[in-house]
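Source file: data-v9.cif; contents: mmCIF, C-alpha atoms and all ligand atoms.
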```cif
data_final
loop_
_atom_site.group_PDB
_atom_site.id
_atom_site.type_symbol
_atom_site.label_atom_id
_atom_site.label_comp_id
_atom_site.auth_asym_id
_atom_site.auth_seq_id
_atom_site.Cartn_x
_atom_site.Cartn_y
_atom_site.Cartn_z
ATOM 1 C CA MET I 1 0.000 0.000 0.000
ATOM 2 C CA ALA I 2 1.336 3.382 -0.940
ATOM 3 C CA ARG I 3 0.069 5.149 2.119
ATOM 4 C CA PRO I 4 -0.507 4.078 5.692
ATOM 5 C CA THR I 5 -4.219 3.781 6.346
ATOM 6 C CA ASN I 6 -4.099 3.676 10.109
ATOM 7 C CA ALA I 7 -4.119 7.440 10.739
ATOM 8 C CA LEU I 8 -7.902 7.257 11.106
ATOM 9 C CA ALA I 9 -8.075 3.925 12.918
ATOM 10 C CA SER I 10 -8.785 5.573 16.254
ATOM 11 C CA TYR I 11 -11.432 7.830 14.691
ATOM 12 C CA SER I 12 -13.247 4.884 13.084
ATOM 13 C CA HIS I 13 -12.940 2.675 16.134
ATOM 14 C CA LYS I 14 -14.735 5.183 18.362
ATOM 15 C CA ARG I 15 -17.740 5.596 16.078
ATOM 16 C CA ASN I 16 -20.680 3.576 14.858
ATOM 17 C CA PHE I 17 -21.366 4.931 11.382
ATOM 18 C CA THR I 18 -24.815 3.369 11.233
ATOM 19 C CA ARG I 19 -25.771 5.619 14.150
ATOM 20 C CA THR I 20 -23.847 8.854 13.739
ATOM 21 C CA PRO I 21 -24.231 11.316 10.863
ATOM 22 C CA GLU I 22 -20.497 12.009 11.021
ATOM 23 C CA PRO I 23 -18.524 11.185 7.855
ATOM 24 C CA LYS I 24 -16.666 7.914 7.627
ATOM 25 C CA GLY I 25 -14.008 9.668 5.642
ATOM 26 C CA ARG I 26 -10.612 8.535 4.527
ATOM 27 C CA ILE I 27 -7.125 9.919 4.342
ATOM 28 C CA GLY I 28 -6.932 12.646 1.714
ATOM 29 C CA ARG I 29 -4.263 14.213 -0.420
ATOM 30 C CA LYS I 30 -1.296 15.378 1.580
ATOM 31 C CA GLN I 31 -0.744 18.902 0.332
ATOM 32 C CA GLY I 32 -3.727 20.741 1.763
ATOM 33 C CA ARG I 33 -3.646 23.251 4.585
ATOM 34 C CA SER I 34 -7.248 23.831 5.601
ATOM 35 C CA PHE I 35 -8.402 24.421 9.121
ATOM 36 C CA VAL I 36 -11.733 24.289 10.868
ATOM 37 C CA ILE I 37 -13.063 24.997 14.339
ATOM 38 C CA GLN I 38 -16.260 23.263 15.445
ATOM 39 C CA LYS I 39 -18.243 24.336 18.487
ATOM 40 C CA HIS I 40 -19.351 21.080 20.067
ATOM 41 C CA ASP I 41 -21.983 20.883 22.751
ATOM 42 C CA ALA I 42 -21.134 17.385 23.984
ATOM 43 C CA SER I 43 -21.102 16.247 27.622
ATOM 44 C CA ARG I 44 -19.113 19.432 28.044
ATOM 45 C CA LEU I 45 -19.106 22.389 25.658
ATOM 46 C CA HIS I 46 -15.797 22.778 23.842
ATOM 47 C CA PHE I 47 -14.298 23.931 20.562
ATOM 48 C CA ASP I 48 -12.621 21.386 18.311
ATOM 49 C CA PHE I 49 -9.612 22.947 16.666
ATOM 50 C CA ARG I 50 -8.464 21.095 13.553
ATOM 51 C CA LEU I 51 -5.477 21.668 11.259
ATOM 52 C CA GLU I 52 -5.097 19.732 8.040
ATOM 53 C CA LEU I 53 -1.768 17.929 7.805
ATOM 54 C CA ASP I 54 -0.831 14.842 5.753
ATOM 55 C CA GLY I 55 -4.350 14.213 4.551
ATOM 56 C CA VAL I 56 -6.065 14.266 7.935
ATOM 57 C CA LEU I 57 -7.250 16.878 10.416
ATOM 58 C CA LYS I 58 -4.950 17.033 13.443
ATOM 59 C CA SER I 59 -7.350 17.804 16.276
ATOM 60 C CA TRP I 60 -7.475 19.379 19.709
ATOM 61 C CA ALA I 61 -10.455 19.965 21.999
ATOM 62 C CA VAL I 62 -10.213 23.480 23.396
ATOM 63 C CA THR I 63 -12.386 23.627 26.493
ATOM 64 C CA LYS I 64 -12.871 27.387 26.667
ATOM 65 C CA GLY I 65 -12.442 28.057 22.976
ATOM 66 C CA PRO I 66 -9.807 30.245 21.343
ATOM 67 C CA SER I 67 -8.817 33.641 22.706
ATOM 68 C CA LEU I 68 -7.371 36.665 20.938
ATOM 69 C CA ASP I 69 -5.582 37.708 24.114
ATOM 70 C CA PRO I 70 -1.926 36.537 24.076
ATOM 71 C CA SER I 71 -1.904 36.331 27.879
ATOM 72 C CA GLU I 72 -4.740 33.761 27.813
ATOM 73 C CA LYS I 73 -3.394 30.232 27.444
ATOM 74 C CA ARG I 74 -6.219 27.907 26.499
ATOM 75 C CA LEU I 75 -6.063 24.209 27.359
ATOM 76 C CA ALA I 76 -6.202 22.151 24.168
ATOM 77 C CA VAL I 77 -6.473 18.402 24.658
ATOM 78 C CA ARG I 78 -5.144 16.466 21.686
ATOM 79 C CA VAL I 79 -7.736 14.101 20.275
ATOM 80 C CA GLU I 80 -7.701 11.567 17.450
ATOM 81 C CA ASP I 81 -7.025 12.635 13.856
ATOM 82 C CA HIS I 82 -10.224 13.265 11.912
ATOM 83 C CA PRO I 83 -10.872 12.764 8.180
ATOM 84 C CA LEU I 84 -10.827 15.826 5.930
ATOM 85 C CA ASP I 85 -14.561 15.348 5.288
ATOM 86 C CA TYR I 86 -15.132 16.272 8.893
ATOM 87 C CA GLY I 87 -14.305 19.840 7.947
ATOM 88 C CA ASP I 88 -17.790 20.118 6.410
ATOM 89 C CA PHE I 89 -19.655 18.468 9.243
ATOM 90 C CA GLU I 90 -22.340 20.392 11.053
ATOM 91 C CA GLY I 91 -25.102 18.516 12.796
ATOM 92 C CA THR I 92 -26.059 16.588 15.866
ATOM 93 C CA ILE I 93 -24.509 13.333 16.978
ATOM 94 C CA PRO I 94 -27.190 11.221 18.708
ATOM 95 C CA LYS I 95 -27.136 10.807 22.461
ATOM 96 C CA GLY I 96 -25.273 7.721 23.551
ATOM 97 C CA GLN I 97 -22.907 7.862 20.584
ATOM 98 C CA TYR I 98 -19.307 9.003 20.916
ATOM 99 C CA GLY I 99 -19.290 12.796 21.186
ATOM 100 C CA GLY I 100 -23.094 12.900 21.342
ATOM 101 C CA GLY I 101 -24.352 16.484 20.968
ATOM 102 C CA THR I 102 -24.585 19.303 18.453
ATOM 103 C CA GLY I 103 -21.621 20.438 16.368
ATOM 104 C CA MET I 104 -21.430 23.814 14.617
ATOM 105 C CA LEU I 105 -18.968 24.995 11.986
ATOM 106 C CA TRP I 106 -17.599 27.936 13.904
ATOM 107 C CA ASP I 107 -14.655 28.974 11.759
ATOM 108 C CA LYS I 108 -12.869 27.733 8.666
ATOM 109 C CA GLY I 109 -10.136 28.739 6.289
ATOM 110 C CA GLY I 110 -6.499 28.020 5.623
ATOM 111 C CA TRP I 111 -3.306 28.037 7.651
ATOM 112 C CA GLU I 112 0.375 28.501 7.021
ATOM 113 C CA ALA I 113 3.120 26.889 9.062
ATOM 114 C CA GLU I 114 5.784 29.108 10.621
ATOM 115 C CA ILE I 115 7.897 26.117 11.651
ATOM 116 C CA ASP I 116 7.982 22.615 10.142
ATOM 117 C CA PRO I 117 4.634 21.182 11.260
ATOM 118 C CA HIS I 118 5.743 17.532 10.957
ATOM 119 C CA GLU I 119 8.540 18.109 13.411
ATOM 120 C CA GLY I 120 6.251 20.322 15.437
ATOM 121 C CA VAL I 121 3.623 17.672 16.104
ATOM 122 C CA GLY I 122 6.323 15.311 17.402
ATOM 123 C CA LYS I 123 8.244 17.885 19.383
ATOM 124 C CA GLY I 124 5.149 19.496 20.792
ATOM 125 C CA LYS I 125 5.264 22.945 19.279
ATOM 126 C CA LEU I 126 3.302 24.281 16.331
ATOM 127 C CA SER I 127 3.456 27.862 15.223
ATOM 128 C CA PHE I 128 1.203 29.019 12.409
ATOM 129 C CA ILE I 129 -0.791 31.778 10.774
ATOM 130 C CA LEU I 130 -4.554 31.299 10.596
ATOM 131 C CA LYS I 131 -6.440 32.702 7.649
ATOM 132 C CA GLY I 132 -9.923 32.007 8.837
ATOM 133 C CA MET I 133 -13.229 33.722 8.218
ATOM 134 C CA ARG I 134 -13.031 34.789 11.865
ATOM 135 C CA LEU I 135 -9.658 33.979 13.399
ATOM 136 C CA LYS I 136 -6.600 35.476 11.763
ATOM 137 C CA GLY I 137 -2.950 35.917 12.523
ATOM 138 C CA GLY I 138 -0.377 33.982 14.474
ATOM 139 C CA PHE I 139 -1.158 31.239 16.973
ATOM 140 C CA THR I 140 0.987 28.731 18.817
ATOM 141 C CA LEU I 141 0.140 25.285 20.113
ATOM 142 C CA VAL I 142 2.547 23.937 22.723
ATOM 143 C CA ARG I 143 2.448 20.585 24.445
ATOM 144 C CA MET I 144 2.678 20.624 28.215
ATOM 145 C CA ARG I 145 4.932 18.229 30.058
ATOM 146 C CA LYS I 146 3.101 15.187 31.349
ATOM 147 C CA GLY I 147 2.255 15.458 35.028
ATOM 148 C CA SER I 148 3.933 12.961 37.308
ATOM 149 C CA SER I 149 0.559 11.654 38.455
ATOM 150 C CA GLY I 150 -0.794 11.395 34.930
ATOM 151 C CA ARG I 151 -1.522 7.785 34.116
ATOM 152 C CA THR I 152 -3.517 8.589 31.013
ATOM 153 C CA ALA I 153 -2.036 8.964 27.579
ATOM 154 C CA ARG I 154 -3.837 12.288 27.303
ATOM 155 C CA GLU I 155 -1.796 15.011 25.657
ATOM 156 C CA ASN I 156 -2.450 18.459 27.042
ATOM 157 C CA TRP I 157 -1.441 21.359 24.851
ATOM 158 C CA LEU I 158 -1.984 25.105 25.146
ATOM 159 C CA LEU I 159 -3.410 27.269 22.375
ATOM 160 C CA ILE I 160 -1.988 30.784 22.544
ATOM 161 C CA LYS I 161 -2.535 33.835 20.376
ATOM 162 C CA GLN I 162 0.687 35.437 19.211
ATOM 163 C CA ARG I 163 1.256 39.135 19.737
ATOM 164 C CA ASP I 164 0.418 40.700 16.397
ATOM 165 C CA ALA I 165 -2.033 43.084 14.784
ATOM 166 C CA GLU I 166 -4.858 40.539 15.123
ATOM 167 C CA ALA I 167 -4.419 40.130 18.873
ATOM 168 C CA SER I 168 -7.005 41.767 21.110
ATOM 169 C CA THR I 169 -7.707 41.928 24.801
ATOM 170 C CA GLU I 170 -11.167 43.328 24.147
ATOM 171 C CA VAL I 171 -12.824 41.007 21.676
ATOM 172 C CA ASP I 172 -13.818 37.594 23.013
ATOM 173 C CA PRO I 173 -14.368 35.550 19.847
ATOM 174 C CA VAL I 174 -16.470 32.951 21.652
ATOM 175 C CA GLU I 175 -18.905 35.674 22.695
ATOM 176 C CA ALA I 176 -18.685 37.659 19.492
ATOM 177 C CA TRP I 177 -19.550 34.779 17.142
ATOM 178 C CA GLN I 178 -22.450 32.627 18.254
ATOM 179 C CA LYS I 179 -23.643 31.396 14.879
ATOM 180 C CA SER I 180 -22.396 28.992 12.255
ATOM 181 C CA VAL I 181 -19.820 30.479 9.904
ATOM 182 C CA GLU I 182 -21.343 28.294 7.181
ATOM 183 C CA THR I 183 -25.124 28.262 7.688
ATOM 184 C CA ARG I 184 -25.604 31.143 10.160
ATOM 185 C CA ARG I 185 -27.635 28.808 12.352
ATOM 186 C CA SER I 186 -27.522 28.883 16.139
ATOM 187 C CA MET I 187 -26.722 25.750 18.148
ATOM 188 C CA GLU I 188 -30.452 25.409 18.844
ATOM 189 C CA GLY I 189 -31.259 25.765 15.168
ATOM 190 C CA ILE I 190 -28.841 23.007 14.221
ATOM 191 C CA ALA I 191 -30.135 20.736 16.971
ATOM 192 C CA LYS I 192 -33.751 21.155 15.856
ATOM 193 C CA ALA I 193 -33.005 20.569 12.193
ATOM 194 C CA ASN I 194 -31.194 17.353 12.925
ATOM 195 C CA THR I 195 -33.560 15.717 15.355
ATOM 196 C CA ARG I 196 -35.949 15.131 12.492
ATOM 197 C CA THR I 197 -33.330 13.554 10.272
ATOM 198 C CA TRP I 198 -32.353 11.038 12.863
ATOM 199 C CA ARG I 199 -35.825 10.045 13.810
ATOM 200 C CA SER I 200 -36.501 8.962 10.268
ATOM 201 C CA LYS I 201 -33.213 7.071 10.091
ATOM 202 C CA THR I 202 -33.884 5.276 13.352
ATOM 203 C CA THR I 203 -37.372 4.329 12.245
ATOM 204 C CA ARG I 204 -36.050 2.917 9.017
ATOM 205 C CA LYS I 205 -33.440 0.870 10.792
ATOM 206 C CA LYS I 206 -35.893 -0.640 13.247
ATOM 207 C CA LYS I 207 -38.057 -1.990 10.455
ATOM 208 C CA THR I 208 -35.299 -4.058 8.930
HETATM 209 MN MN MN S 1 -15.586 17.419 20.145
#
```
Structure encoded using structure tokens:
Amino acid sequence: MARPTNALASYSHKRNFTRTPEPKGRIGRKQGRSFVIQKHDASRLHFDFRLELDGVLKSWAVTKGPSLDPSEKRLAVRVEDHPLDYGDFEGTIPKGQYGGGTGMLWDKGGWEAEIDPHEGVGKGKLSFILKGMRLKGGFTLVRMRKGSSGRTARENWLLIKQRDAEASTEVDPVEAWQKSVETRRSMEGIAKANTRTWRSKTTRKKKT
């Protein structure tokens, strides 16, 4: 095989694609540099920050969401790589399924590496320019050292705005942008629209 196919093994393993509307996806072309942020009202509200690299979306769950204030370091927990198709996903994952809850496309665009991103993922430091519809300018993701008590394999990183013209201590992006960057829907609007879809799917499945 020309390309390792296991980059999405963890993603696929966690999901039941007969139950979730999330894309199955596969590893894409390697050259792209898209990024997407999804607001995800799961068991706990968070923002999924995803950077395209090597045909997948490298992903972090940012509990409080991104900040434009360089003095605000936001916890970003590394999660499994997602397929590129996930960059178009907006909808509700049914209760009981992995990540159950509503997901909104909150920002999207491109990004540009300031340091070699392949090395960066391994070494625990990524520095990049976002060219999003909403977020712009320099950001840094740095991996924190593992705590001595930490038994989990969880990787904690910090998402930090760089000091540049796009930095701001006044604008809170999480407050400023409450609607989908793609469909302009609110979280409630997305949730309502999707309940119907799933009901019909569930009904169909039960018959067979
Ligand atoms: Mn999530």
Could you expand the PyMOL selection byres (((chain I and resi 170) around 9) and not hetatm) into the explicit residues it covers here, written as a short mmCIF file (atom, residue, chain, number, x, y, z; two decimals) with C-alpha atoms, keeping the file's coordinate frame?
```
data_model
loop_
_atom_site.label_atom_id
_atom_site.label_comp_id
_atom_site.auth_asym_id
_atom_site.auth_seq_id
_atom_site.Cartn_x
_atom_site.Cartn_y
_atom_site.Cartn_z
CA LEU I 68 -7.37 36.66 20.94
CA ASP I 69 -5.58 37.71 24.11
CA SER I 168 -7.00 41.77 21.11
CA THR I 169 -7.71 41.93 24.80
CA VAL I 171 -12.82 41.01 21.68
CA ASP I 172 -13.82 37.59 23.01
#
```
Original post:
From the list I:Lys30, I:Arg15, I:Lys24, I:Arg44, which residue is nearest ligand MN 1 (chain S) when using all atoms listed in the file?
Top reply: I:Arg44
Original post:
Nearest to ligand MN 1 (chain S): which of I:Lys192, I:His40, I:Arg29, I:Lys14 is it, counting all atoms listed in the file?
Top reply: I:His40
Using all atoms listed in the file, what does the table of chain I residues within 10 Å of ligand MN 1 (chain S) look like, with each row giving the shortest atom pair and its distance in Å to one decimal, sorted by chain and ascending number, as a Markdown table?
```
| residue | atom | partner | partner_atom | distance |
| --- | --- | --- | --- | --- |
| I:Ile37 | CA | S:MN1 | MN | 9.9 |
| I:Gln38 | CA | S:MN1 | MN | 7.5 |
| I:Lys39 | CA | S:MN1 | MN | 7.6 |
| I:His40 | CA | S:MN1 | MN | 5.3 |
| I:Asp41 | CA | S:MN1 | MN | 7.7 |
| I:Ala42 | CA | S:MN1 | MN | 6.7 |
| I:Ser43 | CA | S:MN1 | MN | 9.4 |
| I:Arg44 | CA | S:MN1 | MN | 8.9 |
| I:Leu45 | CA | S:MN1 | MN | 8.2 |
| I:His46 | CA | S:MN1 | MN | 6.5 |
| I:Phe47 | CA | S:MN1 | MN | 6.7 |
| I:Asp48 | CA | S:MN1 | MN | 5.3 |
| I:Phe49 | CA | S:MN1 | MN | 8.9 |
| I:Ser59 | CA | S:MN1 | MN | 9.1 |
| I:Trp60 | CA | S:MN1 | MN | 8.4 |
| I:Ala61 | CA | S:MN1 | MN | 6.0 |
| I:Val62 | CA | S:MN1 | MN | 8.7 |
| I:Thr63 | CA | S:MN1 | MN | 9.4 |
| I:Val79 | CA | S:MN1 | MN | 8.5 |
| I:Tyr98 | CA | S:MN1 | MN | 9.2 |
| I:Gly99 | CA | S:MN1 | MN | 6.0 |
| I:Gly100 | CA | S:MN1 | MN | 8.8 |
| I:Gly101 | CA | S:MN1 | MN | 8.9 |
| I:Thr102 | CA | S:MN1 | MN | 9.3 |
| I:Gly103 | CA | S:MN1 | MN | 7.7 |
```
Subject >> Interatomic distance, atom CA of Pro94 of chain I to atom CA of Tyr11 of chain I (Å, one decimal) >> reply: 16.6 Å
Original post:
Which residues, written as a list of chain:residue names, have at least one atom at most 10 Å from Ile27 of chain I, with all atoms listed in the file counted and residues fewer than 3 positions away on the same chain left out?
Top reply: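 Near Ile27 of chain I, the qualifying residues are I:Arg3, I:Pro4, I:Thr5, I:Asn6, I:Ala7, I:Leu8, I:Lys30, I:Asp54, I:Gly55, I:Val56, I:Leu57, I:Asp81, I:His82, I:Pro83, I:Leu84, I:Asp85.
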Original post:
Quick one: distance from atom CA of Met187 of chain I to atom CA of Asp88 of chain I in Å, one decimal?
Top reply: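 So the answer is 15.8 Å.
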**OP:** Starting from the shown file, work through the PyMOL selection byres (((chain I and resi 89) around 8) and not hetatm) and note down what comes out as an NGL selection string.
**Re:** :I and (22-23 or 85-88 or 90-91 or 103-105)
Exactly which residues make up the result of the PyMOL selection byres (((chain I and resi 153-155) around 12) and not hetatm) on this file, given as an mmCIF file with C-alpha atoms, keeping the file's coordinate frame?
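Generated file (part-v2.cif):
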```
data_model
loop_
_atom_site.group_PDB
_atom_site.id
_atom_site.type_symbol
_atom_site.label_atom_id
_atom_site.label_comp_id
_atom_site.auth_asym_id
_atom_site.auth_seq_id
_atom_site.Cartn_x
_atom_site.Cartn_y
_atom_site.Cartn_z
ATOM 1 C CA SER I 59 -7.350 17.804 16.276
ATOM 2 C CA TRP I 60 -7.475 19.379 19.709
ATOM 3 C CA ALA I 61 -10.455 19.965 21.999
ATOM 4 C CA LEU I 75 -6.063 24.209 27.359
ATOM 5 C CA ALA I 76 -6.202 22.151 24.168
ATOM 6 C CA VAL I 77 -6.473 18.402 24.658
ATOM 7 C CA ARG I 78 -5.144 16.466 21.686
ATOM 8 C CA VAL I 79 -7.736 14.101 20.275
ATOM 9 C CA GLU I 80 -7.701 11.567 17.450
ATOM 10 C CA VAL I 121 3.623 17.672 16.104
ATOM 11 C CA GLY I 122 6.323 15.311 17.402
ATOM 12 C CA GLY I 124 5.149 19.496 20.792
ATOM 13 C CA LEU I 141 0.140 25.285 20.113
ATOM 14 C CA VAL I 142 2.547 23.937 22.723
ATOM 15 C CA ARG I 143 2.448 20.585 24.445
ATOM 16 C CA MET I 144 2.678 20.624 28.215
ATOM 17 C CA ARG I 145 4.932 18.229 30.058
ATOM 18 C CA LYS I 146 3.101 15.187 31.349
ATOM 19 C CA GLY I 147 2.255 15.458 35.028
ATOM 20 C CA SER I 149 0.559 11.654 38.455
ATOM 21 C CA GLY I 150 -0.794 11.395 34.930
ATOM 22 C CA ARG I 151 -1.522 7.785 34.116
ATOM 23 C CA THR I 152 -3.517 8.589 31.013
ATOM 24 C CA ASN I 156 -2.450 18.459 27.042
ATOM 25 C CA TRP I 157 -1.441 21.359 24.851
ATOM 26 C CA LEU I 158 -1.984 25.105 25.146
#
```
Original post:
Taking into account all atoms listed in the file, which residue in the set I:Lys64, I:Ser12, I:Leu51, I:Val181 is nearest to Ile129 of chain I?
Top reply: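 Closest to Ile129 of chain I, using all atoms listed in the file: I:Leu51.
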Subject >> Gap from atom CA of Gly96 of chain I to atom CA of Pro21 of chain I - Å, one decimal >> reply: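 Rounded to one decimal, the two atoms are 13.2 Å apart.
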